[in-house]
>>> print(open('target_18.cif').read())   # mmCIF, N, CA and C atoms
data_run
loop_
_atom_site.label_atom_id
_atom_site.label_comp_id
_atom_site.auth_asym_id
_atom_site.auth_seq_id
_atom_site.Cartn_x
_atom_site.Cartn_y
_atom_site.Cartn_z
N MET H 1 -11.62 -139.48 -45.67
CA MET H 1 -10.40 -138.79 -45.33
C MET H 1 -9.24 -139.58 -45.91
N ALA H 2 -8.43 -138.93 -46.66
CA ALA H 2 -7.30 -139.59 -47.30
C ALA H 2 -6.07 -139.47 -46.42
N THR H 3 -5.23 -140.49 -46.44
CA THR H 3 -3.98 -140.46 -45.69
C THR H 3 -2.83 -140.44 -46.68
N ALA H 4 -1.79 -139.72 -46.33
CA ALA H 4 -0.62 -139.64 -47.20
C ALA H 4 0.37 -140.72 -46.79
N SER H 5 1.02 -141.28 -47.76
CA SER H 5 2.07 -142.24 -47.42
C SER H 5 3.42 -141.62 -47.76
N HIS H 6 4.30 -141.70 -46.80
CA HIS H 6 5.62 -141.10 -46.97
C HIS H 6 6.66 -142.21 -46.97
N THR H 7 7.61 -142.06 -47.85
CA THR H 7 8.68 -143.04 -47.93
C THR H 7 9.89 -142.52 -47.15
N PRO H 8 10.84 -143.41 -46.84
CA PRO H 8 12.08 -142.93 -46.20
C PRO H 8 12.79 -141.86 -47.02
N ASN H 9 12.69 -141.94 -48.34
CA ASN H 9 13.31 -140.92 -49.19
C ASN H 9 12.65 -139.57 -48.99
N ASP H 10 11.33 -139.54 -48.81
CA ASP H 10 10.63 -138.28 -48.54
C ASP H 10 11.14 -137.67 -47.23
N ALA H 11 11.28 -138.50 -46.22
CA ALA H 11 11.77 -138.01 -44.92
C ALA H 11 13.20 -137.47 -45.06
N ALA H 12 14.03 -138.17 -45.80
CA ALA H 12 15.41 -137.73 -45.99
C ALA H 12 15.46 -136.40 -46.74
N ARG H 13 14.63 -136.25 -47.78
CA ARG H 13 14.58 -134.99 -48.52
C ARG H 13 14.11 -133.85 -47.62
N ALA H 14 13.15 -134.12 -46.75
CA ALA H 14 12.65 -133.10 -45.83
C ALA H 14 13.76 -132.68 -44.86
N ASP H 15 14.53 -133.66 -44.36
CA ASP H 15 15.64 -133.35 -43.45
C ASP H 15 16.70 -132.51 -44.15
N ILE H 16 17.01 -132.84 -45.39
CA ILE H 16 18.00 -132.08 -46.16
C ILE H 16 17.51 -130.65 -46.35
N TYR H 17 16.23 -130.50 -46.69
CA TYR H 17 15.67 -129.16 -46.88
C TYR H 17 15.74 -128.35 -45.59
N LYS H 18 15.36 -128.96 -44.45
CA LYS H 18 15.41 -128.24 -43.17
C LYS H 18 16.84 -127.82 -42.83
N THR H 19 17.80 -128.69 -43.11
CA THR H 19 19.20 -128.37 -42.84
C THR H 19 19.65 -127.20 -43.71
N GLN H 20 19.24 -127.20 -44.97
CA GLN H 20 19.61 -126.11 -45.86
C GLN H 20 19.02 -124.78 -45.41
N VAL H 21 17.78 -124.82 -44.93
CA VAL H 21 17.13 -123.59 -44.44
C VAL H 21 17.87 -123.06 -43.22
N VAL H 22 18.19 -123.96 -42.27
CA VAL H 22 18.90 -123.53 -41.06
C VAL H 22 20.26 -122.95 -41.42
N LEU H 23 20.99 -123.62 -42.31
CA LEU H 23 22.30 -123.13 -42.71
C LEU H 23 22.21 -121.77 -43.40
N ALA H 24 21.19 -121.58 -44.21
CA ALA H 24 21.03 -120.31 -44.92
C ALA H 24 20.79 -119.17 -43.93
N TYR H 25 20.04 -119.42 -42.88
CA TYR H 25 19.75 -118.37 -41.91
C TYR H 25 20.89 -118.14 -40.93
N SER H 26 21.70 -119.16 -40.67
CA SER H 26 22.76 -119.02 -39.67
C SER H 26 24.11 -118.66 -40.25
N ALA H 27 24.23 -118.58 -41.56
CA ALA H 27 25.53 -118.33 -42.19
C ALA H 27 26.18 -117.05 -41.70
N GLY H 28 25.41 -116.01 -41.48
CA GLY H 28 25.98 -114.75 -41.03
C GLY H 28 26.09 -114.65 -39.52
N ASN H 29 25.70 -115.69 -38.81
CA ASN H 29 25.68 -115.64 -37.36
C ASN H 29 26.80 -116.43 -36.70
N ALA H 30 27.80 -116.75 -37.43
CA ALA H 30 28.93 -117.49 -36.85
C ALA H 30 29.68 -116.58 -35.87
N ALA H 31 30.23 -117.20 -34.85
CA ALA H 31 31.00 -116.42 -33.87
C ALA H 31 32.26 -115.87 -34.51
N PRO H 32 32.66 -114.65 -34.16
CA PRO H 32 33.89 -114.10 -34.73
C PRO H 32 35.10 -114.91 -34.25
N SER H 33 36.18 -114.81 -34.98
CA SER H 33 37.36 -115.64 -34.70
C SER H 33 37.97 -115.38 -33.33
N TRP H 34 37.77 -114.22 -32.76
CA TRP H 34 38.34 -113.89 -31.46
C TRP H 34 37.52 -114.46 -30.31
N PHE H 35 36.29 -114.92 -30.58
CA PHE H 35 35.37 -115.28 -29.51
C PHE H 35 35.83 -116.48 -28.68
N LEU H 36 36.22 -117.58 -29.32
CA LEU H 36 36.61 -118.78 -28.58
C LEU H 36 37.84 -118.54 -27.71
N PRO H 37 38.91 -117.91 -28.23
CA PRO H 37 40.04 -117.61 -27.34
C PRO H 37 39.65 -116.71 -26.17
N ALA H 38 38.79 -115.73 -26.41
CA ALA H 38 38.36 -114.85 -25.34
C ALA H 38 37.53 -115.61 -24.30
N LEU H 39 36.70 -116.53 -24.77
CA LEU H 39 35.90 -117.35 -23.86
C LEU H 39 36.79 -118.24 -23.01
N ASN H 40 37.80 -118.83 -23.61
CA ASN H 40 38.73 -119.68 -22.86
C ASN H 40 39.49 -118.87 -21.81
N THR H 41 39.92 -117.67 -22.17
CA THR H 41 40.62 -116.81 -21.22
C THR H 41 39.70 -116.43 -20.07
N ALA H 42 38.48 -116.06 -20.39
CA ALA H 42 37.53 -115.69 -19.35
C ALA H 42 37.24 -116.87 -18.45
N SER H 43 37.15 -118.05 -19.03
CA SER H 43 36.89 -119.25 -18.24
C SER H 43 38.00 -119.49 -17.24
N THR H 44 39.24 -119.38 -17.69
CA THR H 44 40.38 -119.63 -16.81
C THR H 44 40.50 -118.54 -15.76
N GLU H 45 40.41 -117.30 -16.17
CA GLU H 45 40.64 -116.19 -15.26
C GLU H 45 39.51 -115.97 -14.27
N HIS H 46 38.27 -116.20 -14.70
CA HIS H 46 37.14 -115.84 -13.86
C HIS H 46 36.41 -117.03 -13.26
N LEU H 47 36.34 -118.13 -13.99
CA LEU H 47 35.60 -119.28 -13.48
C LEU H 47 36.43 -120.18 -12.58
N THR H 48 37.74 -120.23 -12.78
CA THR H 48 38.57 -121.10 -11.95
C THR H 48 38.47 -120.74 -10.47
N PRO H 49 38.57 -119.48 -10.08
CA PRO H 49 38.43 -119.18 -8.64
C PRO H 49 37.07 -119.61 -8.09
N ILE H 50 36.04 -119.51 -8.90
CA ILE H 50 34.71 -119.93 -8.46
C ILE H 50 34.67 -121.44 -8.29
N LYS H 51 35.24 -122.18 -9.26
CA LYS H 51 35.28 -123.64 -9.15
C LYS H 51 36.06 -124.08 -7.91
N VAL H 52 37.18 -123.42 -7.65
CA VAL H 52 38.00 -123.75 -6.48
C VAL H 52 37.19 -123.51 -5.20
N THR H 53 36.55 -122.36 -5.11
CA THR H 53 35.78 -122.03 -3.91
C THR H 53 34.62 -123.00 -3.71
N LEU H 54 33.93 -123.36 -4.77
CA LEU H 54 32.81 -124.30 -4.65
C LEU H 54 33.28 -125.66 -4.18
N ALA H 55 34.36 -126.17 -4.77
CA ALA H 55 34.86 -127.49 -4.39
C ALA H 55 35.37 -127.48 -2.95
N LYS H 56 36.11 -126.45 -2.56
CA LYS H 56 36.61 -126.35 -1.18
C LYS H 56 35.47 -126.28 -0.18
N THR H 57 34.46 -125.48 -0.49
CA THR H 57 33.31 -125.35 0.41
C THR H 57 32.58 -126.67 0.57
N GLN H 58 32.39 -127.38 -0.54
CA GLN H 58 31.77 -128.71 -0.47
C GLN H 58 32.61 -129.64 0.40
N ASN H 59 33.91 -129.64 0.20
CA ASN H 59 34.79 -130.53 0.95
C ASN H 59 34.79 -130.21 2.45
N MET H 60 34.65 -128.93 2.79
CA MET H 60 34.63 -128.54 4.20
C MET H 60 33.47 -129.19 4.96
N HIS H 61 32.41 -129.49 4.23
CA HIS H 61 31.25 -130.13 4.85
C HIS H 61 31.38 -131.65 4.94
N LEU H 62 32.44 -132.20 4.39
CA LEU H 62 32.60 -133.66 4.34
C LEU H 62 33.57 -134.20 5.38
N HIS H 63 34.00 -133.36 6.30
CA HIS H 63 34.91 -133.72 7.39
C HIS H 63 36.20 -134.33 6.84
N ASP H 64 36.36 -135.66 6.90
CA ASP H 64 37.61 -136.30 6.45
C ASP H 64 37.48 -137.00 5.11
N GLY H 65 36.30 -136.93 4.49
CA GLY H 65 36.10 -137.54 3.18
C GLY H 65 35.89 -139.04 3.18
N GLN H 66 35.81 -139.66 4.34
CA GLN H 66 35.64 -141.12 4.40
C GLN H 66 34.23 -141.54 4.00
N SER H 67 33.22 -140.87 4.53
CA SER H 67 31.83 -141.25 4.23
C SER H 67 31.44 -140.86 2.82
N CYS H 68 31.88 -139.71 2.40
CA CYS H 68 31.58 -139.20 1.07
C CYS H 68 32.87 -138.56 0.55
N PRO H 69 33.35 -138.98 -0.60
CA PRO H 69 34.65 -138.49 -1.08
C PRO H 69 34.65 -137.00 -1.41
N PHE H 70 35.82 -136.39 -1.21
CA PHE H 70 36.01 -134.99 -1.56
C PHE H 70 35.85 -134.77 -3.05
N ASP H 71 35.42 -133.55 -3.40
CA ASP H 71 35.47 -133.11 -4.80
C ASP H 71 36.92 -132.77 -5.12
N ILE H 72 37.29 -132.95 -6.38
CA ILE H 72 38.64 -132.60 -6.82
C ILE H 72 38.70 -131.08 -6.98
N VAL H 73 39.68 -130.46 -6.34
CA VAL H 73 39.84 -129.01 -6.40
C VAL H 73 40.88 -128.68 -7.47
N PRO H 74 40.53 -127.85 -8.46
CA PRO H 74 41.51 -127.48 -9.48
C PRO H 74 42.66 -126.69 -8.88
N PHE H 75 43.82 -126.77 -9.54
CA PHE H 75 44.93 -125.89 -9.18
C PHE H 75 44.54 -124.46 -9.54
N PRO H 76 45.18 -123.46 -8.95
CA PRO H 76 44.84 -122.06 -9.26
C PRO H 76 44.95 -121.71 -10.74
N ASP H 77 45.75 -122.45 -11.51
CA ASP H 77 45.86 -122.15 -12.94
C ASP H 77 44.73 -122.79 -13.75
N GLY H 78 43.81 -123.49 -13.07
CA GLY H 78 42.67 -124.11 -13.74
C GLY H 78 42.88 -125.56 -14.12
N SER H 79 44.11 -126.04 -14.06
CA SER H 79 44.35 -127.43 -14.43
C SER H 79 43.90 -128.36 -13.30
N MET H 80 43.54 -129.57 -13.68
CA MET H 80 43.09 -130.56 -12.71
C MET H 80 44.28 -131.42 -12.30
N PRO H 81 44.50 -131.59 -11.00
CA PRO H 81 45.68 -132.33 -10.54
C PRO H 81 45.68 -133.80 -10.95
N ASN H 82 44.51 -134.38 -11.13
CA ASN H 82 44.45 -135.80 -11.47
C ASN H 82 44.34 -136.04 -12.98
N ALA H 83 44.55 -135.01 -13.78
CA ALA H 83 44.51 -135.12 -15.24
C ALA H 83 45.86 -134.72 -15.81
N PRO H 84 46.12 -135.06 -17.10
CA PRO H 84 47.37 -134.63 -17.71
C PRO H 84 47.49 -133.10 -17.66
N PRO H 85 48.64 -132.56 -17.48
CA PRO H 85 49.95 -133.21 -17.46
C PRO H 85 50.39 -133.67 -16.07
N HIS H 86 49.57 -133.43 -15.04
CA HIS H 86 49.99 -133.73 -13.67
C HIS H 86 49.84 -135.23 -13.33
N ASN H 87 48.67 -135.80 -13.65
CA ASN H 87 48.38 -137.22 -13.41
C ASN H 87 48.65 -137.65 -11.97
N LEU H 88 48.25 -136.80 -11.01
CA LEU H 88 48.42 -137.13 -9.60
C LEU H 88 47.21 -137.92 -9.12
N PRO H 89 47.37 -138.70 -8.04
CA PRO H 89 46.22 -139.44 -7.53
C PRO H 89 45.16 -138.46 -6.99
N PRO H 90 43.88 -138.76 -7.19
CA PRO H 90 42.85 -137.85 -6.70
C PRO H 90 42.82 -137.82 -5.17
N LEU H 91 42.64 -136.64 -4.63
CA LEU H 91 42.57 -136.48 -3.17
C LEU H 91 41.11 -136.55 -2.76
N THR H 92 40.67 -137.75 -2.40
CA THR H 92 39.26 -137.97 -2.08
C THR H 92 38.99 -138.04 -0.59
N SER H 93 40.04 -138.04 0.23
CA SER H 93 39.87 -138.11 1.68
C SER H 93 41.17 -137.68 2.35
N ALA H 94 41.08 -137.47 3.68
CA ALA H 94 42.29 -137.16 4.45
C ALA H 94 43.27 -138.32 4.36
N ALA H 95 42.76 -139.55 4.30
CA ALA H 95 43.63 -140.73 4.20
C ALA H 95 44.44 -140.73 2.91
N THR H 96 43.85 -140.26 1.82
CA THR H 96 44.61 -140.22 0.56
C THR H 96 45.72 -139.18 0.62
N ILE H 97 45.48 -138.09 1.35
CA ILE H 97 46.54 -137.08 1.53
C ILE H 97 47.68 -137.70 2.35
N ALA H 98 47.32 -138.41 3.41
CA ALA H 98 48.33 -139.04 4.27
C ALA H 98 49.12 -140.11 3.52
N GLY H 99 48.53 -140.70 2.48
CA GLY H 99 49.19 -141.76 1.73
C GLY H 99 50.03 -141.31 0.55
N LEU H 100 50.15 -140.00 0.34
CA LEU H 100 50.95 -139.51 -0.79
C LEU H 100 52.43 -139.73 -0.53
N ASN H 101 53.15 -140.08 -1.60
CA ASN H 101 54.60 -140.23 -1.47
C ASN H 101 55.26 -138.85 -1.56
N PRO H 102 56.55 -138.73 -1.23
CA PRO H 102 57.20 -137.40 -1.23
C PRO H 102 57.10 -136.66 -2.56
N GLY H 103 57.24 -137.36 -3.67
CA GLY H 103 57.14 -136.70 -4.97
C GLY H 103 55.74 -136.15 -5.23
N GLN H 104 54.71 -136.91 -4.83
CA GLN H 104 53.33 -136.46 -5.01
C GLN H 104 53.02 -135.28 -4.07
N LEU H 105 53.53 -135.36 -2.84
CA LEU H 105 53.35 -134.24 -1.90
C LEU H 105 53.94 -132.96 -2.48
N ASN H 106 55.14 -133.07 -3.02
CA ASN H 106 55.81 -131.90 -3.59
C ASN H 106 55.03 -131.36 -4.80
N ALA H 107 54.56 -132.29 -5.66
CA ALA H 107 53.81 -131.85 -6.84
C ALA H 107 52.52 -131.15 -6.45
N TYR H 108 51.82 -131.69 -5.45
CA TYR H 108 50.59 -131.03 -4.99
C TYR H 108 50.90 -129.67 -4.36
N CYS H 109 51.96 -129.59 -3.58
CA CYS H 109 52.33 -128.29 -2.99
C CYS H 109 52.71 -127.29 -4.08
N ASN H 110 53.44 -127.75 -5.08
CA ASN H 110 53.78 -126.86 -6.20
C ASN H 110 52.51 -126.33 -6.86
N GLY H 111 51.51 -127.21 -7.03
CA GLY H 111 50.27 -126.81 -7.69
C GLY H 111 49.40 -125.89 -6.86
N TYR H 112 49.24 -126.21 -5.58
CA TYR H 112 48.34 -125.42 -4.73
C TYR H 112 49.01 -124.23 -4.06
N VAL H 113 50.26 -124.41 -3.60
CA VAL H 113 50.95 -123.35 -2.85
C VAL H 113 51.83 -122.53 -3.78
N GLY H 114 52.53 -123.20 -4.68
CA GLY H 114 53.42 -122.52 -5.62
C GLY H 114 54.80 -123.13 -5.59
N VAL H 115 55.48 -123.07 -6.70
CA VAL H 115 56.83 -123.60 -6.80
C VAL H 115 57.73 -122.81 -5.85
N GLY H 116 58.62 -123.51 -5.19
CA GLY H 116 59.50 -122.86 -4.22
C GLY H 116 58.82 -122.64 -2.89
N HIS H 117 57.82 -123.44 -2.60
CA HIS H 117 57.03 -123.28 -1.37
C HIS H 117 57.84 -123.47 -0.10
N GLY H 118 58.88 -124.28 -0.12
CA GLY H 118 59.73 -124.48 1.05
C GLY H 118 59.13 -125.32 2.16
N LEU H 119 57.98 -125.92 1.92
CA LEU H 119 57.33 -126.73 2.96
C LEU H 119 57.99 -128.10 3.05
N VAL H 120 58.08 -128.62 4.25
CA VAL H 120 58.65 -129.95 4.46
C VAL H 120 57.78 -130.71 5.45
N GLY H 121 57.92 -132.03 5.41
CA GLY H 121 57.25 -132.90 6.38
C GLY H 121 55.74 -132.72 6.42
N ALA H 122 55.22 -132.73 7.64
CA ALA H 122 53.76 -132.66 7.84
C ALA H 122 53.17 -131.34 7.36
N ALA H 123 53.99 -130.30 7.26
CA ALA H 123 53.49 -129.01 6.78
C ALA H 123 52.96 -129.12 5.36
N ARG H 124 53.56 -130.02 4.55
CA ARG H 124 53.07 -130.20 3.19
C ARG H 124 51.67 -130.80 3.20
N GLN H 125 51.46 -131.82 4.03
CA GLN H 125 50.13 -132.43 4.12
C GLN H 125 49.10 -131.43 4.62
N THR H 126 49.46 -130.65 5.61
CA THR H 126 48.54 -129.65 6.16
C THR H 126 48.19 -128.61 5.10
N ALA H 127 49.17 -128.15 4.33
CA ALA H 127 48.92 -127.15 3.29
C ALA H 127 48.00 -127.71 2.21
N ILE H 128 48.23 -128.96 1.83
CA ILE H 128 47.38 -129.59 0.82
C ILE H 128 45.96 -129.74 1.34
N ALA H 129 45.83 -130.21 2.60
CA ALA H 129 44.51 -130.38 3.19
C ALA H 129 43.77 -129.05 3.21
N TRP H 130 44.44 -127.98 3.63
CA TRP H 130 43.82 -126.66 3.66
C TRP H 130 43.41 -126.24 2.25
N ALA H 131 44.27 -126.50 1.26
CA ALA H 131 44.02 -126.07 -0.11
C ALA H 131 42.79 -126.73 -0.72
N ILE H 132 42.45 -127.94 -0.26
CA ILE H 132 41.28 -128.63 -0.84
C ILE H 132 40.05 -128.57 0.08
N GLY H 133 40.16 -127.92 1.23
CA GLY H 133 39.02 -127.78 2.11
C GLY H 133 38.84 -128.92 3.10
N CYS H 134 39.88 -129.72 3.30
CA CYS H 134 39.83 -130.80 4.28
C CYS H 134 39.95 -130.17 5.67
N THR H 135 39.00 -130.50 6.56
CA THR H 135 38.96 -129.85 7.87
C THR H 135 39.66 -130.62 8.96
N VAL H 136 40.26 -131.77 8.63
CA VAL H 136 41.02 -132.54 9.62
C VAL H 136 42.47 -132.61 9.17
N THR H 137 43.39 -132.78 10.09
CA THR H 137 44.80 -132.91 9.76
C THR H 137 45.07 -134.35 9.35
N PRO H 138 45.61 -134.55 8.14
CA PRO H 138 45.87 -135.93 7.69
C PRO H 138 46.94 -136.61 8.53
#
>>> encode(input="target_18.cif", output="structure tokens")
Amino acid sequence: MATASHTPNDAARADIYKTQVVLAYSAGNAAPSWFLPALNTASTEHLTPIKVTLAKTQNMHLHDGQSCPFDIVPFPDGSMPNAPPHNLPPLTSAATIAGLNPGQLNAYCNGYVGVGHGLVGAARQTAIAWAIGCTVTP
């Protein structure tokens, strides 16, 4: 029984050939130019409410978030509060909500409740807690 010996160049030529075959068959199968923008729109419009509901439901089971940190709940527009452009501290427990400064409280209320919310004092903390599924009052 004879054995074949292959060099690294043989392997490289085989890889090039396989790539050329794949490219030849997939050339006509590229996504149309409208597909990615439509996918992004669908993601924001349809998946964001699902992500919010899932994160809130998970957080509701974590009581105050001390034993196991809360999941980060996206704002209704799909943006993440702890990522640019917001860069707010992550709300991982009721204690982190209680520790927010006035500017952060306002920014979170603007994101979760809406600009012009009119909330003041403890009502802001309560609204934020409700918005992320925290079941205790911070």
>>> resolve_selection(input="target_18.cif", expression="the PyMOL selection byres (((chain H and resi 56 and name CA) around 9) and name CA)", output="PDB file with N, CA and C atoms, keeping the file's coordinate frame")
ATOM      1  N   LYS H  51      35.240-122.180  -9.260  1.00  0.00           N
ATOM      2  CA  LYS H  51      35.280-123.640  -9.150  1.00  0.00           C
ATOM      3  C   LYS H  51      36.060-124.080  -7.910  1.00  0.00           C
ATOM      4  N   VAL H  52      37.180-123.420  -7.650  1.00  0.00           N
ATOM      5  CA  VAL H  52      38.000-123.750  -6.480  1.00  0.00           C
ATOM      6  C   VAL H  52      37.190-123.510  -5.200  1.00  0.00           C
ATOM      7  N   THR H  53      36.550-122.360  -5.110  1.00  0.00           N
ATOM      8  CA  THR H  53      35.780-122.030  -3.910  1.00  0.00           C
ATOM      9  C   THR H  53      34.620-123.000  -3.710  1.00  0.00           C
ATOM     10  N   LEU H  54      33.930-123.360  -4.770  1.00  0.00           N
ATOM     11  CA  LEU H  54      32.810-124.300  -4.650  1.00  0.00           C
ATOM     12  C   LEU H  54      33.280-125.660  -4.180  1.00  0.00           C
ATOM     13  N   ALA H  55      34.360-126.170  -4.770  1.00  0.00           N
ATOM     14  CA  ALA H  55      34.860-127.490  -4.390  1.00  0.00           C
ATOM     15  C   ALA H  55      35.370-127.480  -2.950  1.00  0.00           C
ATOM     16  N   THR H  57      34.460-125.480  -0.490  1.00  0.00           N
ATOM     17  CA  THR H  57      33.310-125.350   0.410  1.00  0.00           C
ATOM     18  C   THR H  57      32.580-126.670   0.570  1.00  0.00           C
ATOM     19  N   GLN H  58      32.390-127.380  -0.540  1.00  0.00           N
ATOM     20  CA  GLN H  58      31.770-128.710  -0.470  1.00  0.00           C
ATOM     21  C   GLN H  58      32.610-129.640   0.400  1.00  0.00           C
ATOM     22  N   ASN H  59      33.910-129.640   0.200  1.00  0.00           N
ATOM     23  CA  ASN H  59      34.790-130.530   0.950  1.00  0.00           C
ATOM     24  C   ASN H  59      34.790-130.210   2.450  1.00  0.00           C
ATOM     25  N   MET H  60      34.650-128.930   2.790  1.00  0.00           N
ATOM     26  CA  MET H  60      34.630-128.540   4.200  1.00  0.00           C
ATOM     27  C   MET H  60      33.470-129.190   4.960  1.00  0.00           C
ATOM     28  N   HIS H  61      32.410-129.490   4.230  1.00  0.00           N
ATOM     29  CA  HIS H  61      31.250-130.130   4.850  1.00  0.00           C
ATOM     30  C   HIS H  61      31.380-131.650   4.940  1.00  0.00           C
ATOM     31  N   PHE H  70      35.820-136.390  -1.210  1.00  0.00           N
ATOM     32  CA  PHE H  70      36.010-134.990  -1.560  1.00  0.00           C
ATOM     33  C   PHE H  70      35.850-134.770  -3.050  1.00  0.00           C
ATOM     34  N   ASP H  71      35.420-133.550  -3.400  1.00  0.00           N
ATOM     35  CA  ASP H  71      35.470-133.110  -4.800  1.00  0.00           C
ATOM     36  C   ASP H  71      36.920-132.770  -5.120  1.00  0.00           C
ATOM     37  N   ILE H  72      37.290-132.950  -6.380  1.00  0.00           N
ATOM     38  CA  ILE H  72      38.640-132.600  -6.820  1.00  0.00           C
ATOM     39  C   ILE H  72      38.700-131.080  -6.980  1.00  0.00           C
ATOM     40  N   VAL H  73      39.680-130.460  -6.340  1.00  0.00           N
ATOM     41  CA  VAL H  73      39.840-129.010  -6.400  1.00  0.00           C
ATOM     42  C   VAL H  73      40.880-128.680  -7.470  1.00  0.00           C
ATOM     43  N   TRP H 130      44.440-127.980   3.630  1.00  0.00           N
ATOM     44  CA  TRP H 130      43.820-126.660   3.660  1.00  0.00           C
ATOM     45  C   TRP H 130      43.410-126.240   2.250  1.00  0.00           C
ATOM     46  N   ALA H 131      44.270-126.500   1.260  1.00  0.00           N
ATOM     47  CA  ALA H 131      44.020-126.070  -0.110  1.00  0.00           C
ATOM     48  C   ALA H 131      42.790-126.730  -0.720  1.00  0.00           C
ATOM     49  N   ILE H 132      42.450-127.940  -0.260  1.00  0.00           N
ATOM     50  CA  ILE H 132      41.280-128.630  -0.840  1.00  0.00           C
ATOM     51  C   ILE H 132      40.050-128.570   0.080  1.00  0.00           C
ATOM     52  N   GLY H 133      40.160-127.920   1.230  1.00  0.00           N
ATOM     53  CA  GLY H 133      39.020-127.780   2.110  1.00  0.00           C
ATOM     54  C   GLY H 133      38.840-128.920   3.100  1.00  0.00           C
ATOM     55  N   CYS H 134      39.880-129.720   3.300  1.00  0.00           N
ATOM     56  CA  CYS H 134      39.830-130.800   4.280  1.00  0.00           C
ATOM     57  C   CYS H 134      39.950-130.170   5.670  1.00  0.00           C
TER      58      CYS H 134
END
>>> closest_residue(input="target_18.cif", among="H:Leu39, H:Ala31, H:Ile50, H:Lys18", to="Phe75 (chain H)", atoms="only C-alpha atoms")
H:Ile50
>>> atom_distance(input="target_18.cif", atom1="atom C of Pro89 (chain H)", atom2="atom N of Gly103 (chain H)")
12.6 Å
>>> select_by_dssp(input="target_18.cif", residues="region 60-134 of chain H", states="alpha helix (DSSP H)", output="list in words")
Met60, Ala94, Ala95, Thr96, Ile97, Ala98, Pro102, Gly103, Gln104, Leu105, Asn106, Ala107, Tyr108, Cys109, Asn110, Gly111, Tyr112, Ala122, Ala123, Arg124, Gln125, Thr126, Ala127, Ile128, Ala129, Trp130, Ala131 and Ile132 of chain H
>>> atom_distance(input="target_18.cif", atom1="atom N of Leu91 (chain H)", atom2="atom C of Val113 (chain H)")
16.9 Å
>>> closest_residue(input="target_18.cif", among="H:Leu88, H:Ala122, H:Ser93, H:Asn40", to="Pro69 (chain H)", atoms="only N, CA and C atoms")
H:Ser93
>>> residues_around(input="target_18.cif", residues="Thr137 (chain H)", least_positions_apart="4", cutoff="8 Å", atoms="only C-alpha atoms", output="PyMOL selection string")
chain H and resi 94+125-126+129
>>> write_last_selection(input="target_18.cif", atoms="N, CA and C atoms", output="PDB file, keeping the file's coordinate frame")
ATOM      1  N   ALA H  94      41.080-137.470   3.680  1.00  0.00           N
ATOM      2  CA  ALA H  94      42.290-137.160   4.450  1.00  0.00           C
ATOM      3  C   ALA H  94      43.270-138.320   4.360  1.00  0.00           C
ATOM      4  N   GLN H 125      51.460-131.820   4.030  1.00  0.00           N
ATOM      5  CA  GLN H 125      50.130-132.430   4.120  1.00  0.00           C
ATOM      6  C   GLN H 125      49.100-131.430   4.620  1.00  0.00           C
ATOM      7  N   THR H 126      49.460-130.650   5.610  1.00  0.00           N
ATOM      8  CA  THR H 126      48.540-129.650   6.160  1.00  0.00           C
ATOM      9  C   THR H 126      48.190-128.610   5.100  1.00  0.00           C
ATOM     10  N   ALA H 129      45.830-130.210   2.600  1.00  0.00           N
ATOM     11  CA  ALA H 129      44.510-130.380   3.190  1.00  0.00           C
ATOM     12  C   ALA H 129      43.770-129.050   3.210  1.00  0.00           C
TER      13      ALA H 129
END
>>> atom_distance(input="target_18.cif", atom1="CA of Ser43 (chain H)", atom2="atom N of Asn87 (chain H)")
20.8 Å
